[in-house]
Amino acid sequence: MNSFDLVIRNGTVVTAADTSICDIAVRDGRIVAMGEGLEAGREEIDASGQFVLPGGVDAHCHLDQPMGPGVQMADDFESGTRSAACGGTTTVIPFAAQEKGASLKAAVEDYHRRANGKSCIDYAFHLIISDASQDVLVRELPELIEAGYTSFKIYMTYDDLKLDDRQILETLAVARREGAMTMVHAENADCIAWLTETLEAIGHTAPRYHADARPSIVEREATHRAISLAELVDTPVLIVHVSGREAIEQIRWAQGRGLRVYGETCPQYLFLTAEDLDKDGFEGAKCVCSPPPRDKANQAGVWDGLENGVFQVFSSDHAPFRYDDDKGKKAAGDTAPFQYIPNGIPGIETRLPLLFSEGVLGGRIDITRFVALTATNPARIYGLYPRKGTIAIGADADIAIWDPKVEWTIRNAELHHNVDYTPYEGMQLRGRPVTTISRGQVVWRNGQFKGTAGQGRFVPCERPQPARPRGESRGF
Ligand code: DUC
Ligand code: ZN
Ligand code: ZN
């Protein structure tokens, strides 16, 4: 009788630290042996000439997240995780979002109902705290952190989500006491509101003015403020979806001072510019996301940040709204002023291939950094490592096998999400995951999705930092 369920042979196995050519054996969904000439498995995959990478961890994506009236995300957990798997991702961390005035626990329960029986790959949840009431901060949040929801996002903009500085401080203090990780959407709400009204008053309402309403300075100021508030509380903070040089300078400055400040960026800031919002008619709405894509010089700055270590995490920020749909980008009509266009673009399946092609094969980052940015670092920062995000004995057998020789063109018709467009239509890429394995099961092979809805499991997260009880060194 064979002792291994699966053996992957002769691939170039890559972790965040090193590469080596070896075999990997899988039993009961976990990696149980690595070495040369391992004994036969019930199933065998020859990975000669291919890279064997940890499956991607997409630590920032939005799936089936309830939106305001009349707006609906196109991807639920089934279509969203199917699309992720076909792009080499094996773990997603979307958001359970609290509604203002409602319970955070109710949001988590609701989100479990949405994911359960549908997810094709494993998942954890971040929380979104939109109402930092005493009940949420003192009771609900500590209990949820204890139960494995150990990271949360807070917003400095969007009327239905934003916290003021005092509320941010109180929320950061809970993160410090309980050992959680705080993610911050850093844009100055008042600046955006004022600029939006000013633009509207002179009739500048087309999609391209979305970028003018949210210039770099608005992101830079909020990034600096978020860093300062986190420094005051002495707790780590991760600035999400960083779009360009000015915010990067703030993060680098903070890191240089020894603060635990992390940075995340996303494909839209490498591959899109504000010009993509300036298309005929309403087409620019396809690329409306916040912060907005900037210009070529900022793209270069984001590449530099990936190369030189300012960024630790590369996520999709997949926010799936259909274009030609009255619940999607056209929810307020196809001539709606930019501020009524749902924010976000799809990218859960294209995240890894874009960075692999242009970053790794383009010679900008080496493949170990690719693994760090897309799998190992997010798993570490959010408390999933070493179960997720690496290839090691004892880790879950979440693996993506990449063929660096495949050349292909991104076509929305061939992607697996439920969105009717991709902003990357027609881009020519090199390298692609040819096989994706989720806890030992092949879910994507040679262009075919092989997974099943419901095979993905919820994975609770460990605390990313030690809890520091109130009064340990400071009063909070
Ligand atoms: N901005 C966000 O903050 N979230 C979803 C998508 C977007 O563009
Ligand atoms: Zn955000
Ligand atoms: Zn987001």
# chains A, B, ... in the order shown; residues from 1 in each chain; ligands from 1
>>> closest_atom_pairs(of="chain A", to="ligand 1", cutoff="6 Å", atoms="only C-alpha atoms and all ligand atoms", output="JSON lines")
{"residue": "A:Cys289", "atom": "CA", "partner": "ligand 1", "partner_atom_place_in_ligand_line": "8 (O)", "distance": 3.3}
{"residue": "A:Ser290", "atom": "CA", "partner": "ligand 1", "partner_atom_place_in_ligand_line": "8 (O)", "distance": 3.9}
{"residue": "A:Ala319", "atom": "CA", "partner": "ligand 1", "partner_atom_place_in_ligand_line": "6 (C)", "distance": 5.2}
{"residue": "A:Asn343", "atom": "CA", "partner": "ligand 1", "partner_atom_place_in_ligand_line": "8 (O)", "distance": 4.2}
{"residue": "A:Gly344", "atom": "CA", "partner": "ligand 1", "partner_atom_place_in_ligand_line": "8 (O)", "distance": 3.5}
>>> write_last_selection(atoms="C-alpha atoms", output="PDB file, in the first residue's frame")
ATOM      1  CA  CYS A 289     -11.111  52.279  -7.215  1.00  0.00           C
ATOM      2  CA  SER A 290      -9.809  54.007  -4.098  1.00  0.00           C
ATOM      3  CA  ALA A 319     -13.876  44.217  -5.393  1.00  0.00           C
ATOM      4  CA  ASN A 343     -15.363  51.624  -5.897  1.00  0.00           C
ATOM      5  CA  GLY A 344     -13.244  48.655  -6.795  1.00  0.00           C
TER       6      GLY A 344
END
>>> closest_atom_pairs(of="chain A", to="ligand 2", cutoff="8 Å", atoms="only C-alpha atoms and all ligand atoms", output="JSON lines")
{"residue": "A:Tyr155", "atom": "CA", "partner": "ligand 2", "partner_atom_place_in_ligand_line": "1 (Zn)", "distance": 6.9}
{"residue": "A:Val184", "atom": "CA", "partner": "ligand 2", "partner_atom_place_in_ligand_line": "1 (Zn)", "distance": 7.4}
{"residue": "A:His185", "atom": "CA", "partner": "ligand 2", "partner_atom_place_in_ligand_line": "1 (Zn)", "distance": 4.5}
{"residue": "A:Ala186", "atom": "CA", "partner": "ligand 2", "partner_atom_place_in_ligand_line": "1 (Zn)", "distance": 7.7}
{"residue": "A:Val240", "atom": "CA", "partner": "ligand 2", "partner_atom_place_in_ligand_line": "1 (Zn)", "distance": 6.7}
{"residue": "A:His241", "atom": "CA", "partner": "ligand 2", "partner_atom_place_in_ligand_line": "1 (Zn)", "distance": 6.7}
{"residue": "A:Ser290", "atom": "CA", "partner": "ligand 2", "partner_atom_place_in_ligand_line": "1 (Zn)", "distance": 6.7}
{"residue": "A:Pro291", "atom": "CA", "partner": "ligand 2", "partner_atom_place_in_ligand_line": "1 (Zn)", "distance": 7.7}
{"residue": "A:Asp317", "atom": "CA", "partner": "ligand 2", "partner_atom_place_in_ligand_line": "1 (Zn)", "distance": 7.9}
>>> atom_distance(atom1="CA of Pro66 (chain A)", atom2="CA of Glu221 (chain A)")
29.2 Å
>>> residues_around(residues="Arg225 (chain A)", least_positions_apart="2", cutoff="12 Å", atoms="only C-alpha atoms", output="list in words")
Met156, Asp164, Asp165, Arg166, Ile168, Leu169, Val184, His185, Ala186, Glu187, Asn188, Val218, Glu219, Arg220, Glu221, Ala222, Thr223, Ile227, Ser228, Leu229, Ala230, Glu231, Leu232, Val237, Ile239, Ala247, Gln250, Ile251 and Ala254 of chain A
>>> closest_residue(among="A:Ser20, A:Ser216, A:Asn418, A:Ser3", to="Gly80 (chain A)", atoms="only C-alpha atoms")
A:Asn418
>>> select_by_dssp(residues="region 115-179 of chain A", states="helix (DSSP H, G or I)", output="list in words")
Ala115, Gln134, Asp135, Val136, Leu137, Val138, Arg139, Glu140, Leu141, Pro142, Glu143, Leu144, Ile145, Glu146, Asp165, Arg166, Gln167, Ile168, Leu169, Glu170, Thr171, Leu172, Ala173, Val174, Ala175, Arg176, Arg177 and Glu178 of chain A
>>> atom_distance(atom1="CA of Val313 (chain A)", atom2="CA of Arg380 (chain A)")
10.3 Å
>>> decode(residues="region 238-281 of chain A", atoms="N, CA and C atoms", output="PDB file, in the first residue's frame")
ATOM      1  N   LEU A 238      -0.860  48.221   9.437  1.00  0.00           N
ATOM      2  CA  LEU A 238      -0.564  47.890   8.043  1.00  0.00           C
ATOM      3  C   LEU A 238      -1.401  48.803   7.156  1.00  0.00           C
ATOM      4  N   ILE A 239      -0.705  49.584   6.329  1.00  0.00           N
ATOM      5  CA  ILE A 239      -1.394  50.512   5.428  1.00  0.00           C
ATOM      6  C   ILE A 239      -1.737  49.728   4.152  1.00  0.00           C
ATOM      7  N   VAL A 240      -3.038  49.626   3.864  1.00  0.00           N
ATOM      8  CA  VAL A 240      -3.459  48.802   2.721  1.00  0.00           C
ATOM      9  C   VAL A 240      -3.480  49.624   1.435  1.00  0.00           C
ATOM     10  N   HIS A 241      -3.549  48.896   0.339  1.00  0.00           N
ATOM     11  CA  HIS A 241      -3.650  49.417  -1.038  1.00  0.00           C
ATOM     12  C   HIS A 241      -2.951  50.771  -1.236  1.00  0.00           C
ATOM     13  N   VAL A 242      -1.642  50.773  -1.027  1.00  0.00           N
ATOM     14  CA  VAL A 242      -0.842  52.001  -1.184  1.00  0.00           C
ATOM     15  C   VAL A 242      -0.647  52.257  -2.688  1.00  0.00           C
ATOM     16  N   SER A 243      -0.916  53.496  -3.116  1.00  0.00           N
ATOM     17  CA  SER A 243      -1.013  53.746  -4.559  1.00  0.00           C
ATOM     18  C   SER A 243       0.204  54.437  -5.165  1.00  0.00           C
ATOM     19  N   GLY A 244       1.071  55.038  -4.333  1.00  0.00           N
ATOM     20  CA  GLY A 244       2.168  55.759  -4.982  1.00  0.00           C
ATOM     21  C   GLY A 244       3.202  56.314  -4.031  1.00  0.00           C
ATOM     22  N   ARG A 245       4.051  57.160  -4.611  1.00  0.00           N
ATOM     23  CA  ARG A 245       5.295  57.576  -3.949  1.00  0.00           C
ATOM     24  C   ARG A 245       5.101  58.283  -2.620  1.00  0.00           C
ATOM     25  N   GLU A 246       4.108  59.182  -2.568  1.00  0.00           N
ATOM     26  CA  GLU A 246       4.009  60.012  -1.359  1.00  0.00           C
ATOM     27  C   GLU A 246       3.679  59.164  -0.135  1.00  0.00           C
ATOM     28  N   ALA A 247       2.726  58.253  -0.269  1.00  0.00           N
ATOM     29  CA  ALA A 247       2.396  57.380   0.866  1.00  0.00           C
ATOM     30  C   ALA A 247       3.570  56.445   1.164  1.00  0.00           C
ATOM     31  N   ILE A 248       4.256  55.994   0.112  1.00  0.00           N
ATOM     32  CA  ILE A 248       5.421  55.115   0.313  1.00  0.00           C
ATOM     33  C   ILE A 248       6.492  55.829   1.140  1.00  0.00           C
ATOM     34  N   GLU A 249       6.704  57.108   0.835  1.00  0.00           N
ATOM     35  CA  GLU A 249       7.710  57.866   1.616  1.00  0.00           C
ATOM     36  C   GLU A 249       7.373  57.885   3.093  1.00  0.00           C
ATOM     37  N   GLN A 250       6.087  58.011   3.401  1.00  0.00           N
ATOM     38  CA  GLN A 250       5.678  58.024   4.813  1.00  0.00           C
ATOM     39  C   GLN A 250       5.955  56.677   5.472  1.00  0.00           C
ATOM     40  N   ILE A 251       5.677  55.619   4.738  1.00  0.00           N
ATOM     41  CA  ILE A 251       5.871  54.268   5.301  1.00  0.00           C
ATOM     42  C   ILE A 251       7.369  53.998   5.488  1.00  0.00           C
ATOM     43  N   ARG A 252       8.139  54.387   4.491  1.00  0.00           N
ATOM     44  CA  ARG A 252       9.599  54.170   4.591  1.00  0.00           C
ATOM     45  C   ARG A 252      10.186  54.971   5.755  1.00  0.00           C
ATOM     46  N   TRP A 253       9.693  56.188   5.904  1.00  0.00           N
ATOM     47  CA  TRP A 253      10.134  57.041   7.020  1.00  0.00           C
ATOM     48  C   TRP A 253       9.836  56.355   8.352  1.00  0.00           C
ATOM     49  N   ALA A 254       8.639  55.820   8.475  1.00  0.00           N
ATOM     50  CA  ALA A 254       8.248  55.163   9.727  1.00  0.00           C
ATOM     51  C   ALA A 254       9.095  53.905   9.958  1.00  0.00           C
ATOM     52  N   GLN A 255       9.289  53.135   8.895  1.00  0.00           N
ATOM     53  CA  GLN A 255      10.095  51.911   9.032  1.00  0.00           C
ATOM     54  C   GLN A 255      11.527  52.263   9.422  1.00  0.00           C
ATOM     55  N   GLY A 256      12.028  53.357   8.863  1.00  0.00           N
ATOM     56  CA  GLY A 256      13.387  53.805   9.193  1.00  0.00           C
ATOM     57  C   GLY A 256      13.528  54.209  10.650  1.00  0.00           C
ATOM     58  N   ARG A 257      12.426  54.613  11.255  1.00  0.00           N
ATOM     59  CA  ARG A 257      12.455  54.970  12.674  1.00  0.00           C
ATOM     60  C   ARG A 257      12.218  53.761  13.566  1.00  0.00           C
ATOM     61  N   GLY A 258      12.116  52.591  12.937  1.00  0.00           N
ATOM     62  CA  GLY A 258      11.975  51.360  13.716  1.00  0.00           C
ATOM     63  C   GLY A 258      10.538  51.051  14.118  1.00  0.00           C
ATOM     64  N   LEU A 259       9.572  51.764  13.537  1.00  0.00           N
ATOM     65  CA  LEU A 259       8.178  51.487  13.879  1.00  0.00           C
ATOM     66  C   LEU A 259       7.705  50.242  13.128  1.00  0.00           C
ATOM     67  N   ARG A 260       6.764  49.539  13.742  1.00  0.00           N
ATOM     68  CA  ARG A 260       6.217  48.344  13.084  1.00  0.00           C
ATOM     69  C   ARG A 260       5.080  48.787  12.159  1.00  0.00           C
ATOM     70  N   VAL A 261       5.493  49.327  11.037  1.00  0.00           N
ATOM     71  CA  VAL A 261       4.545  49.803  10.029  1.00  0.00           C
ATOM     72  C   VAL A 261       4.758  48.964   8.775  1.00  0.00           C
ATOM     73  N   TYR A 262       3.685  48.320   8.328  1.00  0.00           N
ATOM     74  CA  TYR A 262       3.745  47.456   7.150  1.00  0.00           C
ATOM     75  C   TYR A 262       2.987  48.110   5.998  1.00  0.00           C
ATOM     76  N   GLY A 263       3.339  47.704   4.786  1.00  0.00           N
ATOM     77  CA  GLY A 263       2.687  48.264   3.603  1.00  0.00           C
ATOM     78  C   GLY A 263       2.205  47.178   2.666  1.00  0.00           C
ATOM     79  N   GLU A 264       1.043  47.437   2.085  1.00  0.00           N
ATOM     80  CA  GLU A 264       0.464  46.529   1.077  1.00  0.00           C
ATOM     81  C   GLU A 264       0.215  47.323  -0.193  1.00  0.00           C
ATOM     82  N   THR A 265       0.494  46.715  -1.339  1.00  0.00           N
ATOM     83  CA  THR A 265       0.036  47.315  -2.595  1.00  0.00           C
ATOM     84  C   THR A 265      -0.638  46.246  -3.438  1.00  0.00           C
ATOM     85  N   CYS A 266      -1.134  46.669  -4.594  1.00  0.00           N
ATOM     86  CA  CYS A 266      -2.028  45.819  -5.388  1.00  0.00           C
ATOM     87  C   CYS A 266      -1.727  46.014  -6.876  1.00  0.00           C
ATOM     88  N   PRO A 267      -2.159  45.084  -7.728  1.00  0.00           N
ATOM     89  CA  PRO A 267      -1.821  45.172  -9.159  1.00  0.00           C
ATOM     90  C   PRO A 267      -2.251  46.467  -9.826  1.00  0.00           C
ATOM     91  N   GLN A 268      -3.372  47.042  -9.389  1.00  0.00           N
ATOM     92  CA  GLN A 268      -3.872  48.244 -10.086  1.00  0.00           C
ATOM     93  C   GLN A 268      -2.897  49.404 -10.009  1.00  0.00           C
ATOM     94  N   TYR A 269      -2.015  49.390  -9.003  1.00  0.00           N
ATOM     95  CA  TYR A 269      -1.062  50.499  -8.861  1.00  0.00           C
ATOM     96  C   TYR A 269       0.240  50.238  -9.626  1.00  0.00           C
ATOM     97  N   LEU A 270       0.353  49.045 -10.187  1.00  0.00           N
ATOM     98  CA  LEU A 270       1.495  48.719 -11.048  1.00  0.00           C
ATOM     99  C   LEU A 270       1.123  48.765 -12.526  1.00  0.00           C
ATOM    100  N   PHE A 271      -0.131  48.460 -12.811  1.00  0.00           N
ATOM    101  CA  PHE A 271      -0.506  48.222 -14.211  1.00  0.00           C
ATOM    102  C   PHE A 271      -1.537  49.191 -14.760  1.00  0.00           C
ATOM    103  N   LEU A 272      -2.151  50.023 -13.916  1.00  0.00           N
ATOM    104  CA  LEU A 272      -3.130  51.012 -14.384  1.00  0.00           C
ATOM    105  C   LEU A 272      -2.630  52.408 -14.032  1.00  0.00           C
ATOM    106  N   THR A 273      -3.104  53.396 -14.776  1.00  0.00           N
ATOM    107  CA  THR A 273      -2.848  54.792 -14.391  1.00  0.00           C
ATOM    108  C   THR A 273      -4.180  55.545 -14.432  1.00  0.00           C
ATOM    109  N   ALA A 274      -4.136  56.815 -13.989  1.00  0.00           N
ATOM    110  CA  ALA A 274      -5.347  57.642 -13.990  1.00  0.00           C
ATOM    111  C   ALA A 274      -5.907  57.776 -15.410  1.00  0.00           C
ATOM    112  N   GLU A 275      -5.044  57.597 -16.411  1.00  0.00           N
ATOM    113  CA  GLU A 275      -5.540  57.681 -17.801  1.00  0.00           C
ATOM    114  C   GLU A 275      -6.561  56.598 -18.110  1.00  0.00           C
ATOM    115  N   ASP A 276      -6.495  55.504 -17.383  1.00  0.00           N
ATOM    116  CA  ASP A 276      -7.481  54.439 -17.613  1.00  0.00           C
ATOM    117  C   ASP A 276      -8.879  54.849 -17.156  1.00  0.00           C
ATOM    118  N   LEU A 277      -8.961  55.893 -16.350  1.00  0.00           N
ATOM    119  CA  LEU A 277     -10.282  56.403 -15.948  1.00  0.00           C
ATOM    120  C   LEU A 277     -10.836  57.372 -16.983  1.00  0.00           C
ATOM    121  N   ASP A 278      -9.991  57.735 -17.929  1.00  0.00           N
ATOM    122  CA  ASP A 278     -10.352  58.760 -18.916  1.00  0.00           C
ATOM    123  C   ASP A 278     -10.619  58.102 -20.258  1.00  0.00           C
ATOM    124  N   LYS A 279     -11.685  57.281 -20.281  1.00  0.00           N
ATOM    125  CA  LYS A 279     -12.017  56.554 -21.519  1.00  0.00           C
ATOM    126  C   LYS A 279     -13.328  57.099 -22.061  1.00  0.00           C
ATOM    127  N   ASP A 280     -13.668  56.706 -23.263  1.00  0.00           N
ATOM    128  CA  ASP A 280     -14.925  57.170 -23.872  1.00  0.00           C
ATOM    129  C   ASP A 280     -16.122  56.849 -22.996  1.00  0.00           C
ATOM    130  N   GLY A 281     -17.070  57.764 -22.986  1.00  0.00           N
ATOM    131  CA  GLY A 281     -18.328  57.528 -22.269  1.00  0.00           C
ATOM    132  C   GLY A 281     -18.072  57.199 -20.809  1.00  0.00           C
TER     133      GLY A 281
END
